>>> print(open('final-v4.cif').read())   # mmCIF, C-alpha atoms and all ligand atoms
data_target
#
loop_
_atom_site.label_atom_id
_atom_site.label_comp_id
_atom_site.auth_asym_id
_atom_site.auth_seq_id
_atom_site.Cartn_x
_atom_site.Cartn_y
_atom_site.Cartn_z
CA MET Q 1 -24.97 0.84 -17.01
CA ARG Q 2 -23.45 -2.30 -18.53
CA ILE Q 3 -24.46 -5.60 -16.99
CA PHE Q 4 -21.90 -7.98 -18.52
CA ASN Q 5 -18.12 -8.13 -18.43
CA ILE Q 6 -16.57 -8.19 -21.88
CA LYS Q 7 -12.89 -8.78 -21.12
CA ASN Q 8 -11.12 -11.69 -19.53
CA PRO Q 9 -8.34 -10.14 -17.48
CA LYS Q 10 -4.74 -11.26 -17.71
CA THR Q 11 -3.41 -12.30 -14.36
CA ILE Q 12 -0.21 -12.13 -12.31
CA PRO Q 13 1.59 -15.05 -10.60
CA ILE Q 14 -0.88 -16.23 -7.97
CA PRO Q 15 0.35 -17.55 -4.57
CA ASN Q 16 -0.78 -20.99 -3.47
CA GLN Q 17 -1.69 -20.05 0.10
CA LYS Q 18 -3.79 -17.33 1.71
CA VAL Q 19 -2.38 -14.84 4.22
CA ASP Q 20 -3.91 -14.73 7.70
CA GLU Q 21 -4.18 -11.09 8.82
CA ARG Q 22 -3.36 -12.21 12.38
CA ASP Q 23 0.18 -13.00 11.16
CA THR Q 24 0.88 -9.55 9.73
CA MET Q 25 3.25 -7.35 11.75
CA PHE Q 26 0.60 -4.70 12.51
CA ALA Q 27 -1.83 -7.33 13.79
CA ARG Q 28 0.80 -9.10 15.91
CA ILE Q 29 1.81 -5.86 17.53
CA ALA Q 30 -1.82 -4.84 18.12
CA ARG Q 31 -2.23 -7.63 20.72
CA THR Q 32 -2.35 -6.44 24.34
CA LEU Q 33 -0.51 -8.47 26.97
CA ASN Q 34 -2.58 -11.22 28.63
CA THR Q 35 -5.83 -10.58 26.74
CA ASP Q 36 -7.70 -13.54 25.19
CA ALA Q 37 -6.46 -12.59 21.72
CA TYR Q 38 -2.86 -12.30 22.97
CA ASN Q 39 -2.98 -15.68 24.72
CA HIS Q 40 -4.62 -17.30 21.71
CA TYR Q 41 -2.09 -15.92 19.20
CA TYR Q 42 1.05 -16.76 21.15
CA SER Q 43 -0.13 -20.21 22.20
CA ASN Q 44 -0.31 -20.93 18.45
CA ASN Q 45 2.91 -19.03 17.64
CA PRO Q 46 5.22 -19.42 20.68
CA ASN Q 47 8.31 -18.76 18.50
CA LEU Q 48 7.17 -15.14 17.90
CA LYS Q 49 6.34 -14.24 21.50
CA LYS Q 50 9.78 -13.11 22.69
CA LYS Q 51 10.55 -10.85 19.73
CA ASP Q 52 7.02 -9.39 19.62
CA ASP Q 53 7.09 -8.69 23.39
CA HIS Q 54 10.39 -6.89 22.89
CA ILE Q 55 8.91 -4.72 20.10
CA ARG Q 56 5.82 -4.07 22.26
CA SER Q 57 8.11 -2.77 25.03
CA LEU Q 58 9.43 0.01 22.74
CA PRO Q 59 7.65 3.41 22.67
CA PRO Q 60 4.60 3.38 20.34
CA LEU Q 61 4.70 5.13 16.95
CA LEU Q 62 4.28 8.93 17.27
CA ASP Q 63 5.29 8.83 20.95
CA PRO Q 64 7.31 11.83 22.22
CA LYS Q 65 10.10 9.37 23.15
CA GLY Q 66 10.62 8.51 19.45
CA LYS Q 67 13.89 9.79 17.95
CA TYR Q 68 12.15 11.88 15.30
CA TYR Q 69 9.13 13.02 17.30
CA ASN Q 70 8.10 16.48 16.14
CA VAL Q 71 5.41 18.27 18.06
CA ASP Q 72 3.78 19.64 14.91
CA HIS Q 73 3.97 16.72 12.45
CA SER Q 74 3.58 13.90 14.98
CA GLU Q 75 0.57 15.46 16.72
CA ARG Q 76 -1.15 16.22 13.40
CA ALA Q 77 -0.49 12.65 12.27
CA THR Q 78 -2.04 11.30 15.50
CA GLN Q 79 -5.15 13.43 14.95
CA LEU Q 80 -5.48 12.27 11.35
CA PHE Q 81 -5.09 8.56 12.19
CA ASP Q 82 -7.62 8.92 15.03
CA SER Q 83 -10.15 10.68 12.81
CA ILE Q 84 -10.13 8.02 10.05
CA GLU Q 85 -12.55 5.94 12.12
CA ASN Q 86 -15.11 8.77 12.22
CA ILE Q 87 -15.01 10.02 8.64
CA SER Q 88 -18.49 11.04 7.60
CA ILE Q 89 -19.36 11.02 3.93
CA ASN Q 90 -20.67 14.14 2.21
CA GLU Q 91 -24.20 13.12 1.10
CA LYS Q 92 -24.40 15.95 -1.47
CA ILE Q 93 -21.30 14.60 -3.22
CA VAL Q 94 -22.75 11.07 -3.11
CA SER Q 95 -26.08 12.22 -4.66
CA LYS Q 96 -24.27 14.20 -7.37
CA TYR Q 97 -22.25 11.14 -8.42
CA VAL Q 98 -25.22 8.75 -8.19
CA LYS Q 99 -26.93 10.91 -10.87
CA LEU Q 100 -23.79 10.77 -13.01
CA PHE Q 101 -23.77 6.97 -12.70
CA LYS Q 102 -27.39 6.62 -13.81
CA ASN Q 103 -26.63 8.26 -17.16
CA ALA Q 104 -23.32 6.48 -17.73
CA LYS Q 105 -22.64 3.73 -20.29
CA SER Q 106 -19.68 2.25 -18.43
CA ASN Q 107 -19.63 1.62 -14.65
CA THR Q 108 -15.86 1.40 -14.73
CA LYS Q 109 -15.27 4.67 -16.59
CA VAL Q 110 -17.57 6.58 -14.29
CA LEU Q 111 -16.00 5.08 -11.14
CA LYS Q 112 -12.56 6.03 -12.49
CA ARG Q 113 -13.75 9.57 -13.19
CA ILE Q 114 -15.26 9.94 -9.72
CA ALA Q 115 -12.17 8.57 -7.93
CA THR Q 116 -9.95 10.90 -9.97
CA GLU Q 117 -12.16 13.91 -9.16
CA LEU Q 118 -11.92 12.94 -5.49
CA GLY Q 119 -8.10 13.00 -5.66
CA ALA Q 120 -6.88 9.58 -6.84
CA VAL Q 121 -3.80 9.69 -9.11
CA GLY Q 122 -4.15 6.13 -10.42
CA VAL Q 123 -7.27 4.02 -10.95
CA GLY Q 124 -7.88 0.44 -12.07
CA SER Q 125 -10.23 -2.49 -11.70
CA THR Q 126 -9.81 -6.23 -11.68
CA ASN Q 127 -11.44 -9.48 -10.66
CA LEU Q 128 -11.11 -10.29 -6.96
CA GLU Q 129 -8.94 -13.40 -6.62
CA GLU Q 130 -9.97 -15.42 -3.55
CA ILE Q 131 -6.29 -15.92 -2.69
CA PHE Q 132 -5.87 -12.15 -2.11
CA ILE Q 133 -8.56 -12.12 0.60
CA TYR Q 134 -7.13 -12.55 4.12
CA SER Q 135 -8.29 -15.78 5.75
CA HIS Q 136 -9.04 -14.25 9.20
CA LYS Q 137 -9.35 -10.80 10.74
CA GLY Q 138 -6.47 -9.87 13.02
CA ARG Q 139 -5.93 -6.17 13.30
CA LEU Q 140 -8.59 -5.21 15.86
CA ASP Q 141 -9.63 -7.01 19.05
CA TYR Q 142 -13.40 -6.84 18.52
CA ASN Q 143 -13.39 -9.12 15.46
CA TYR Q 144 -10.06 -10.94 16.03
CA SER Q 145 -10.06 -14.44 14.49
CA GLU Q 146 -13.28 -13.93 12.51
CA LYS Q 147 -13.19 -15.84 9.23
CA ILE Q 148 -13.41 -13.41 6.33
CA LYS Q 149 -16.22 -13.99 3.85
CA LEU Q 150 -16.22 -11.63 0.92
CA GLU Q 151 -18.28 -12.69 -2.07
CA HIS Q 152 -17.62 -9.70 -4.30
CA LYS Q 153 -16.36 -10.54 -7.77
CA SER Q 154 -14.68 -7.23 -8.60
CA VAL Q 155 -12.33 -4.78 -6.97
CA PHE Q 156 -11.88 -1.13 -7.86
CA VAL Q 157 -8.45 0.03 -6.73
CA PHE Q 158 -6.90 3.48 -6.65
CA LEU Q 159 -3.72 5.32 -5.63
CA VAL Q 160 -3.14 8.55 -3.76
CA GLU Q 161 0.21 10.34 -4.01
CA MET Q 162 2.62 10.84 -1.09
CA ASP Q 163 4.01 14.36 -1.38
CA PHE Q 164 7.62 14.46 -2.66
CA ASN Q 165 8.57 17.40 -0.42
CA GLN Q 166 7.51 15.50 2.71
CA MET Q 167 9.00 12.15 1.67
CA ARG Q 168 12.42 13.70 1.00
CA HIS Q 169 12.81 14.10 4.78
CA SER Q 170 12.35 10.36 5.51
CA PRO Q 171 12.61 8.98 8.19
CA LYS Q 172 11.71 12.20 10.03
CA ALA Q 173 8.18 12.93 11.24
CA ASN Q 174 7.26 14.50 7.87
CA VAL Q 175 6.89 10.96 6.51
CA ILE Q 176 4.37 9.74 9.08
CA PHE Q 177 2.43 12.99 8.78
CA GLU Q 178 2.23 12.42 5.01
CA SER Q 179 1.28 8.76 5.52
CA ALA Q 180 -1.54 9.78 7.88
CA ASN Q 181 -2.66 12.43 5.39
CA GLN Q 182 -2.84 9.95 2.53
CA TYR Q 183 -4.37 7.10 4.57
CA TYR Q 184 -7.05 9.62 5.52
CA GLN Q 185 -7.52 10.74 1.90
CA ALA Q 186 -7.69 7.11 0.69
CA ALA Q 187 -10.32 6.33 3.35
CA VAL Q 188 -12.46 9.31 2.26
CA ILE Q 189 -12.32 8.19 -1.38
CA ALA Q 190 -13.01 4.52 -0.56
CA LYS Q 191 -15.94 5.34 1.74
CA THR Q 192 -17.43 7.80 -0.79
CA LEU Q 193 -17.22 5.22 -3.60
CA GLU Q 194 -18.73 2.60 -1.30
CA ALA Q 195 -21.65 4.94 -0.45
CA ILE Q 196 -22.28 5.70 -4.13
CA VAL Q 197 -22.34 2.02 -5.14
CA LEU Q 198 -24.58 1.08 -2.17
CA LYS Q 199 -27.00 3.86 -3.11
CA LEU Q 200 -27.21 2.41 -6.61
CA GLY Q 201 -28.47 -0.83 -5.05
CA TYR Q 202 -25.29 -2.92 -5.35
CA ASP Q 203 -23.17 -4.34 -2.58
CA ALA Q 204 -19.79 -2.72 -1.83
CA LYS Q 205 -17.16 -2.59 0.86
CA ALA Q 206 -14.48 0.06 1.39
CA HIS Q 207 -11.01 -1.17 2.36
CA TYR Q 208 -8.92 1.43 4.21
CA ASP Q 209 -6.44 1.84 7.05
CA ALA Q 210 -6.82 -0.99 9.61
CA HIS Q 211 -9.97 -2.17 7.79
CA TYR Q 212 -8.61 -4.33 5.02
CA ASP Q 213 -10.12 -7.70 4.11
CA ILE Q 214 -7.84 -7.86 1.08
CA ILE Q 215 -4.14 -7.57 0.27
CA LEU Q 216 -3.83 -4.42 -1.79
CA PRO Q 217 -0.40 -4.47 -3.52
CA PRO Q 218 -0.96 -7.59 -5.69
CA ILE Q 219 -4.48 -6.39 -6.50
CA ALA Q 220 -3.13 -3.00 -7.63
CA ILE Q 221 -0.56 -4.81 -9.77
CA GLN Q 222 -3.21 -7.02 -11.34
CA ALA Q 223 -5.29 -3.89 -12.05
CA GLY Q 224 -2.41 -2.37 -14.03
CA LEU Q 225 -1.26 0.26 -11.55
CA GLY Q 226 2.40 -0.75 -11.35
CA GLU Q 227 4.86 -3.47 -10.38
CA LEU Q 228 6.32 -4.76 -7.12
CA GLY Q 229 9.84 -3.53 -6.31
CA ARG Q 230 12.67 -5.02 -4.29
CA ASN Q 231 11.36 -2.83 -1.45
CA ASN Q 232 8.19 -4.98 -1.52
CA ILE Q 233 6.09 -1.90 -2.22
CA LEU Q 234 4.07 -1.09 -5.31
CA ILE Q 235 6.06 0.98 -7.82
CA ALA Q 236 3.55 3.09 -9.72
CA ASP Q 237 4.10 4.39 -13.22
CA LYS Q 238 4.45 8.13 -12.48
CA TYR Q 239 5.05 8.20 -8.72
CA GLY Q 240 7.26 5.20 -7.96
CA SER Q 241 6.78 4.06 -4.36
CA ARG Q 242 5.35 7.40 -3.25
CA VAL Q 243 1.76 6.11 -3.22
CA ARG Q 244 -0.82 4.64 -0.86
CA ILE Q 245 -3.47 2.24 -2.10
CA GLY Q 246 -7.21 2.16 -1.39
CA ALA Q 247 -9.95 -0.09 -2.74
CA VAL Q 248 -13.63 -0.93 -2.89
CA THR Q 249 -14.82 -4.47 -3.54
CA THR Q 250 -18.24 -4.86 -5.11
CA ASN Q 251 -20.72 -7.01 -7.01
CA LEU Q 252 -21.20 -4.16 -9.48
CA ILE Q 253 -20.08 -5.36 -12.91
CA LEU Q 254 -16.78 -3.76 -13.95
CA ASP Q 255 -14.48 -3.97 -16.97
CA TYR Q 256 -11.09 -5.23 -15.93
CA ASP Q 257 -7.67 -3.71 -16.62
CA ASN Q 258 -4.59 -5.77 -17.39
CA PRO Q 259 -1.26 -5.82 -15.55
CA ILE Q 260 1.42 -3.56 -17.07
CA SER Q 261 5.19 -3.68 -17.30
CA ILE Q 262 7.09 -0.49 -16.47
CA GLY Q 263 10.48 -2.22 -16.31
CA THR Q 264 10.74 -2.13 -12.50
CA ALA Q 265 11.40 -5.81 -12.00
CA ARG Q 266 14.36 -5.69 -14.43
CA PHE Q 267 15.66 -2.42 -12.97
CA CYS Q 268 15.54 -3.85 -9.42
CA ASN Q 269 17.86 -6.64 -10.55
CA VAL Q 270 20.67 -4.08 -11.00
CA CYS Q 271 19.58 -1.47 -8.43
CA LYS Q 272 19.76 -2.24 -4.71
CA LYS Q 273 19.44 1.28 -3.33
CA CYS Q 274 16.48 0.47 -1.07
CA ALA Q 275 18.23 -2.59 0.40
CA THR Q 276 21.57 -0.85 0.96
CA SER Q 277 19.88 2.27 2.42
CA CYS Q 278 17.61 0.34 4.79
CA PRO Q 279 18.86 1.10 8.34
CA THR Q 280 17.97 -2.41 9.58
CA LYS Q 281 18.96 -4.53 6.55
CA ALA Q 282 15.34 -5.63 6.33
CA LEU Q 283 15.28 -5.81 2.53
CA SER Q 284 16.81 -8.53 0.42
CA ILE Q 285 20.05 -7.72 -1.38
CA ASN Q 286 19.97 -11.13 -3.07
CA ASN Q 287 17.74 -12.74 -5.65
CA LYS Q 288 14.05 -13.45 -5.14
CA SER Q 289 12.97 -16.32 -2.88
CA PHE Q 290 10.17 -18.86 -3.35
CA VAL Q 291 7.36 -17.78 -0.98
CA ARG Q 292 3.82 -19.26 -0.92
CA GLY Q 293 4.29 -20.62 -4.44
CA ILE Q 294 5.74 -17.53 -6.15
CA TYR Q 295 9.17 -15.88 -6.49
CA LYS Q 296 9.42 -12.58 -4.64
CA TRP Q 297 11.77 -10.35 -2.71
CA THR Q 298 11.37 -10.69 1.02
CA THR Q 299 11.30 -8.23 3.93
CA LYS Q 300 12.39 -8.98 7.50
CA VAL Q 301 9.31 -7.33 8.97
CA GLU Q 302 10.51 -7.44 12.59
CA ASN Q 303 13.68 -5.52 11.68
CA CYS Q 304 11.66 -2.95 9.77
CA TYR Q 305 8.97 -2.40 12.38
CA SER Q 306 11.44 -2.23 15.33
CA ILE Q 307 13.13 0.82 13.85
CA TRP Q 308 9.74 2.43 13.25
CA ARG Q 309 9.19 2.25 17.02
CA PHE Q 310 12.67 3.63 17.68
CA TYR Q 311 12.17 6.52 15.22
CA GLY Q 312 8.51 7.04 16.19
CA THR Q 313 7.73 7.31 12.47
CA ASP Q 314 7.12 4.88 9.60
CA CYS Q 315 10.67 5.40 8.25
CA GLY Q 316 9.90 5.60 4.51
CA ILE Q 317 13.55 5.49 3.38
CA CYS Q 318 12.94 2.61 0.95
CA MET Q 319 10.06 4.58 -0.61
CA ALA Q 320 11.97 7.84 -0.87
CA VAL Q 321 15.32 6.49 -2.11
CA CYS Q 322 13.84 4.55 -5.03
CA PRO Q 323 14.82 6.12 -8.39
CA PHE Q 324 11.19 5.67 -9.53
CA SER Q 325 10.04 7.95 -6.67
CA HIS Q 326 11.86 11.07 -7.84
CA ARG Q 327 9.84 14.24 -8.36
CA THR Q 328 7.20 13.82 -11.09
CA ASN Q 329 8.37 16.01 -14.01
CA TRP Q 330 9.04 15.67 -17.73
CA PHE Q 331 12.71 14.71 -17.21
CA HIS Q 332 11.90 11.78 -14.89
CA TYR Q 333 8.97 10.88 -17.15
CA LEU Q 334 11.43 10.45 -20.04
CA ILE Q 335 13.85 8.40 -17.88
CA ARG Q 336 10.98 6.10 -16.86
CA LYS Q 337 10.16 5.56 -20.54
CA VAL Q 338 13.80 4.61 -21.23
CA VAL Q 339 13.68 2.12 -18.33
CA LYS Q 340 10.46 0.69 -19.70
CA PHE Q 341 11.52 0.25 -23.34
CA PHE Q 342 15.35 0.05 -23.25
CA PRO Q 343 16.48 -2.11 -20.30
CA ILE Q 344 19.93 -2.24 -21.87
CA PHE Q 345 20.51 1.24 -20.38
CA ASN Q 346 19.56 0.24 -16.80
CA ARG Q 347 23.11 0.09 -15.47
CA ILE Q 348 24.09 3.42 -16.98
CA LEU Q 349 20.90 5.07 -15.70
CA LEU Q 350 21.64 3.69 -12.24
CA PHE Q 351 25.20 5.03 -12.47
CA PHE Q 352 23.89 8.57 -13.13
CA ASP Q 353 21.19 8.24 -10.49
CA GLU Q 354 23.84 7.37 -7.91
CA LEU Q 355 26.08 10.20 -9.15
CA ILE Q 356 23.30 12.80 -8.79
CA TYR Q 357 21.34 11.51 -5.78
CA GLY Q 358 23.99 9.45 -3.98
CA LYS Q 359 24.49 5.70 -3.58
CA LYS Q 360 22.68 5.61 -0.26
CA TRP Q 361 19.97 7.66 1.42
CA GLN Q 362 21.15 10.73 3.33
CA ILE Q 363 18.80 12.07 6.00
CA LYS Q 364 17.87 15.72 5.30
S1 LIG E 401 10.66 1.27 5.97
FE1 LIG E 401 12.80 1.70 6.59
S2 LIG E 401 13.34 -0.03 7.92
FE2 LIG E 401 11.51 -0.64 6.79
S3 LIG E 401 12.27 -1.75 4.99
FE3 LIG E 401 11.98 0.40 4.39
S4 LIG E 401 13.98 1.35 4.72
FE4 LIG E 401 13.99 -0.58 5.85
S1 LIG E 402 15.37 1.35 -4.91
FE1 LIG E 402 16.06 0.25 -6.69
S2 LIG E 402 15.97 -1.91 -6.09
FE2 LIG E 402 14.73 -0.77 -4.63
S3 LIG E 402 12.65 -0.87 -5.42
FE3 LIG E 402 13.54 1.03 -6.21
S4 LIG E 402 14.41 0.46 -8.20
FE4 LIG E 402 14.02 -1.45 -7.09
#
>>> encode(input="final-v4.cif", output="structure tokens")
Amino acid sequence: MRIFNIKNPKTIPIPNQKVDERDTMFARIARTLNTDAYNHYYSNNPNLKKKDDHIRSLPPLLDPKGKYYNVDHSERATQLFDSIENISINEKIVSKYVKLFKNAKSNTKVLKRIATELGAVGVGSTNLEEIFIYSHKGRLDYNYSEKIKLEHKSVFVFLVEMDFNQMRHSPKANVIFESANQYYQAAVIAKTLEAIVLKLGYDAKAHYDAHYDIILPPIAIQAGLGELGRNNILIADKYGSRVRIGAVTTNLILDYDNPISIGTARFCNVCKKCATSCPTKALSINNKSFVRGIYKWTTKVENCYSIWRFYGTDCGICMAVCPFSHRTNWFHYLIRKVVKFFPIFNRILLFFDELIYGKKWQIK
């Protein structure tokens, strides 16, 4: 195992202010009326109380009252989300990979190999920027408002693929079933990697559904796994937005990857399919705005999350409609290469994309 880093990583535009997990939509909506956490949050944020109370009054995700409730997909999704908390790691698999690690020359290569064997479709590592660590916990009541202290220097980040054949039915219940499936898969991989690194005598922490100390999309971008789209979701090289992200932070020494350009940012300047297909106009049709010290596209999170509660699913239209999310095959691989190296063709490629797949998302 190597004990020194040899590369200085390139970096991405870094915001000038941390995010507090308590302010994220999922954390806000996790507050229960008249509890200490509820009273604390809305005494500090009175302007959000009325709209959050309204969203809270809508049926929960996966509820039978949701427009796209489906007894099969919705119930299976509920079971998967509930079981994430109780995932137990296969000790035989951990021991097998610990042996592999002990004979390896590169920690990073062996971690990438293990994550890939466990089902990841993209793997990268980078330094952990303090700014990408949430300031306070907010998602769960038991540790609400705890200050987050994470002293790990490195983060290993990976992607799991959302199945094309499920995503093409967005916003029906197929999408939330597939989300649950992949959140579960990402949690298994993250917890297995965490167990392996701990067994080697290093510190590590798995970051998975509802248990994130860190903001994953910018970290994945810094680790070379893709770019951020107008839909405010990671666009990965081969899978577009059809991915979920998982990570393990650690004090194990890793080699760092560099950010990549796949031409997304330029393509999003001409393409607005996600914004025009969004049922709640939550995505920006205009240019980027200046947010926390960087230029980025913005999302009206209340609009987005309200329709999730109405549908009873996590919508997914902006993931599925994106031209980068088309089925992974040689034809789309070639198109992605043209987008990457010949931006001059972006408008014509968009023209044909709209001709073949439509200008806006049609529910199937
Ligand atoms: S998930 Fe649906 S509602 Fe939310 S931004 Fe995407 S398209 Fe719009
Ligand atoms: S749909 Fe178009 S604008 Fe939206 S993220 Fe994908 S490429 Fe960018």
>>> closest_atom_pairs(input="final-v4.cif", of="chain Q", to="ligand LIG 402 (chain E)", cutoff="7 Å", atoms="only C-alpha atoms and all ligand atoms", output="CSV")
residue,atom,partner,partner_atom,distance
Q:Gly229,CA,E:LIG402,S3,4.0
Q:Arg230,CA,E:LIG402,S3,4.3
Q:Asn231,CA,E:LIG402,S3,4.6
Q:Thr264,CA,E:LIG402,S4,6.2
Q:Phe267,CA,E:LIG402,S4,5.7
Q:Cys268,CA,E:LIG402,FE4,3.7
Q:Asn269,CA,E:LIG402,S2,6.8
Q:Cys271,CA,E:LIG402,FE1,4.3
Q:Lys272,CA,E:LIG402,S2,4.0
Q:Lys273,CA,E:LIG402,S1,4.4
Q:Cys274,CA,E:LIG402,S1,4.1
Q:Ala275,CA,E:LIG402,FE2,6.4
Q:Cys318,CA,E:LIG402,S1,6.5
Q:Val321,CA,E:LIG402,S1,5.9
Q:Cys322,CA,E:LIG402,S1,3.5
Q:Pro323,CA,E:LIG402,S4,5.7
Q:Phe324,CA,E:LIG402,FE3,6.2
>>> residues_near_ligand(input="final-v4.cif", ligand="ligand LIG 401 (chain E)", cutoff="10 Å", atoms="only C-alpha atoms and all ligand atoms", output="compact mmCIF listing (two decimals) with C-alpha atoms, keeping the file's coordinate frame")
# COMPACT_ATOMS: atom_id res chain seq x y z
CA SER Q 170 12.35 10.36 5.51
CA PRO Q 171 12.61 8.98 8.19
CA ARG Q 230 12.67 -5.02 -4.29
CA ASN Q 231 11.36 -2.83 -1.45
CA ASN Q 232 8.19 -4.98 -1.52
CA ILE Q 233 6.09 -1.90 -2.22
CA LYS Q 273 19.44 1.28 -3.33
CA CYS Q 274 16.48 0.47 -1.07
CA ALA Q 275 18.23 -2.59 0.40
CA THR Q 276 21.57 -0.85 0.96
CA SER Q 277 19.88 2.27 2.42
CA CYS Q 278 17.61 0.34 4.79
CA PRO Q 279 18.86 1.10 8.34
CA THR Q 280 17.97 -2.41 9.58
CA LYS Q 281 18.96 -4.53 6.55
CA ALA Q 282 15.34 -5.63 6.33
CA LEU Q 283 15.28 -5.81 2.53
CA SER Q 284 16.81 -8.53 0.42
CA THR Q 298 11.37 -10.69 1.02
CA THR Q 299 11.30 -8.23 3.93
CA LYS Q 300 12.39 -8.98 7.50
CA VAL Q 301 9.31 -7.33 8.97
CA GLU Q 302 10.51 -7.44 12.59
CA ASN Q 303 13.68 -5.52 11.68
CA CYS Q 304 11.66 -2.95 9.77
CA TYR Q 305 8.97 -2.40 12.38
CA SER Q 306 11.44 -2.23 15.33
CA ILE Q 307 13.13 0.82 13.85
CA TRP Q 308 9.74 2.43 13.25
CA TYR Q 311 12.17 6.52 15.22
CA THR Q 313 7.73 7.31 12.47
CA ASP Q 314 7.12 4.88 9.60
CA CYS Q 315 10.67 5.40 8.25
CA GLY Q 316 9.90 5.60 4.51
CA ILE Q 317 13.55 5.49 3.38
CA CYS Q 318 12.94 2.61 0.95
CA MET Q 319 10.06 4.58 -0.61
CA ALA Q 320 11.97 7.84 -0.87
CA VAL Q 321 15.32 6.49 -2.11
CA TRP Q 361 19.97 7.66 1.42
>>> residues_around(input="final-v4.cif", residues="Ile262 of chain Q", least_positions_apart="4", cutoff="8 Å", atoms="all atoms listed in the file", output="number ranges by chain")
Q: 226-227, 237, 336-337, 339-340
>>> atom_distance(input="final-v4.cif", atom1="atom CA of Tyr38 of chain Q", atom2="atom CA of Asp213 of chain Q")
20.7 Å
>>> axis_aligned_box(input="final-v4.cif", around="segment 61-79 of chain Q", padding_each_side="3 Å", output="AutoDock Vina command-line options")
--center_x 4.4 --center_y 12.4 --center_z 17.7 --size_x 25.0 --size_y 20.5 --size_z 16.9
>>> residues_around(input="final-v4.cif", residues="Gly124 of chain Q", least_positions_apart="3", cutoff="8 Å", atoms="only C-alpha atoms", output="PDB file with C-alpha atoms, in the coordinates of the input")
ATOM      1  CA  LYS Q 112     -12.560   6.030 -12.490  1.00  0.00           C
ATOM      2  CA  PHE Q 156     -11.880  -1.130  -7.860  1.00  0.00           C
ATOM      3  CA  VAL Q 157      -8.450   0.030  -6.730  1.00  0.00           C
ATOM      4  CA  PHE Q 158      -6.900   3.480  -6.650  1.00  0.00           C
ATOM      5  CA  ALA Q 220      -3.130  -3.000  -7.630  1.00  0.00           C
ATOM      6  CA  ALA Q 223      -5.290  -3.890 -12.050  1.00  0.00           C
ATOM      7  CA  GLY Q 224      -2.410  -2.370 -14.030  1.00  0.00           C
ATOM      8  CA  LEU Q 225      -1.260   0.260 -11.550  1.00  0.00           C
ATOM      9  CA  TYR Q 256     -11.090  -5.230 -15.930  1.00  0.00           C
ATOM     10  CA  ASP Q 257      -7.670  -3.710 -16.620  1.00  0.00           C
TER      11      ASP Q 257
END
>>> closest_residue(input="final-v4.cif", among="Q:Tyr202, Q:Tyr208, Q:Ala247, Q:Ile89", to="Val155 of chain Q", atoms="only C-alpha atoms")
Q:Ala247
>>> closest_residue(input="final-v4.cif", among="Q:Leu150, Q:Met167, Q:Leu216, Q:Ile133", to="His326 of chain Q", atoms="all atoms listed in the file")
Q:Met167
>>> closest_atom_pairs(input="final-v4.cif", of="segment 47-105 of chain Q", to="segment 180-195 of chain Q", cutoff="12 Å", atoms="all atoms listed in the file", output="CSV")
residue,atom,partner,partner_atom,distance
Q:Leu61,CA,Q:Ala180,CA,12.0
Q:Leu62,CA,Q:Ala180,CA,11.1
Q:His73,CA,Q:Ala180,CA,10.0
Q:Ser74,CA,Q:Ala180,CA,9.7
Q:Glu75,CA,Q:Ala180,CA,10.7
Q:Arg76,CA,Q:Ala180,CA,8.5
Q:Ala77,CA,Q:Ala180,CA,5.3
Q:Thr78,CA,Q:Ala180,CA,7.8
Q:Gln79,CA,Q:Ala180,CA,8.7
Q:Leu80,CA,Q:Ala180,CA,5.8
Q:Phe81,CA,Q:Ala180,CA,5.7
Q:Asp82,CA,Q:Ala180,CA,9.4
Q:Ser83,CA,Q:Tyr184,CA,8.0
Q:Ile84,CA,Q:Tyr184,CA,5.7
Q:Glu85,CA,Q:Ala187,CA,9.1
Q:Asn86,CA,Q:Val188,CA,10.3
Q:Ile87,CA,Q:Val188,CA,6.9
Q:Ser88,CA,Q:Val188,CA,8.2
Q:Ile89,CA,Q:Thr192,CA,6.0
Q:Asn90,CA,Q:Thr192,CA,7.7
Q:Glu91,CA,Q:Ala195,CA,8.7
Q:Lys92,CA,Q:Thr192,CA,10.7
Q:Ile93,CA,Q:Thr192,CA,8.2
Q:Val94,CA,Q:Thr192,CA,6.7
Q:Ser95,CA,Q:Ala195,CA,9.5
Q:Lys96,CA,Q:Thr192,CA,11.4
Q:Tyr97,CA,Q:Leu193,CA,9.1
Q:Val98,CA,Q:Ala195,CA,9.3
Q:Phe101,CA,Q:Leu193,CA,11.3
>>> closest_residue(input="final-v4.cif", among="Q:Glu21, Q:Leu118, Q:Ala236, Q:Phe341", to="Ile214 of chain Q", atoms="all atoms listed in the file")
Q:Glu21
>>> closest_residue(input="final-v4.cif", among="Q:His54, Q:Leu159, Q:Arg266, Q:Arg347", to="Asn287 of chain Q", atoms="all atoms listed in the file")
Q:Arg266
>>> closest_residue(input="final-v4.cif", among="Q:Leu234, Q:Ile245, Q:Ile12, Q:Leu252", to="Lys199 of chain Q", atoms="only C-alpha atoms")
Q:Leu252
>>> closest_residue(input="final-v4.cif", among="Q:Asn174, Q:Ser125, Q:Ser57, Q:Asn165", to="Asn258 of chain Q", atoms="all atoms listed in the file")
Q:Ser125
>>> atom_distance(input="final-v4.cif", atom1="atom CA of Phe342 of chain Q", atom2="atom CA of Tyr357 of chain Q")
21.7 Å
>>> atom_distance(input="final-v4.cif", atom1="atom CA of Ile344 of chain Q", atom2="atom CA of Arg327 of chain Q")
23.6 Å
>>> residues_near_point(input="final-v4.cif", point="(11.2, 10.9, 21.5)", cutoff="12 Å", atoms="all atoms listed in the file", output="JSON, numbers by chain")
{"Q": [58, 59, 60, 61, 62, 63, 64, 65, 66, 67, 68, 69, 70, 71, 74, 172, 173, 308, 309, 310, 311, 312, 313]}
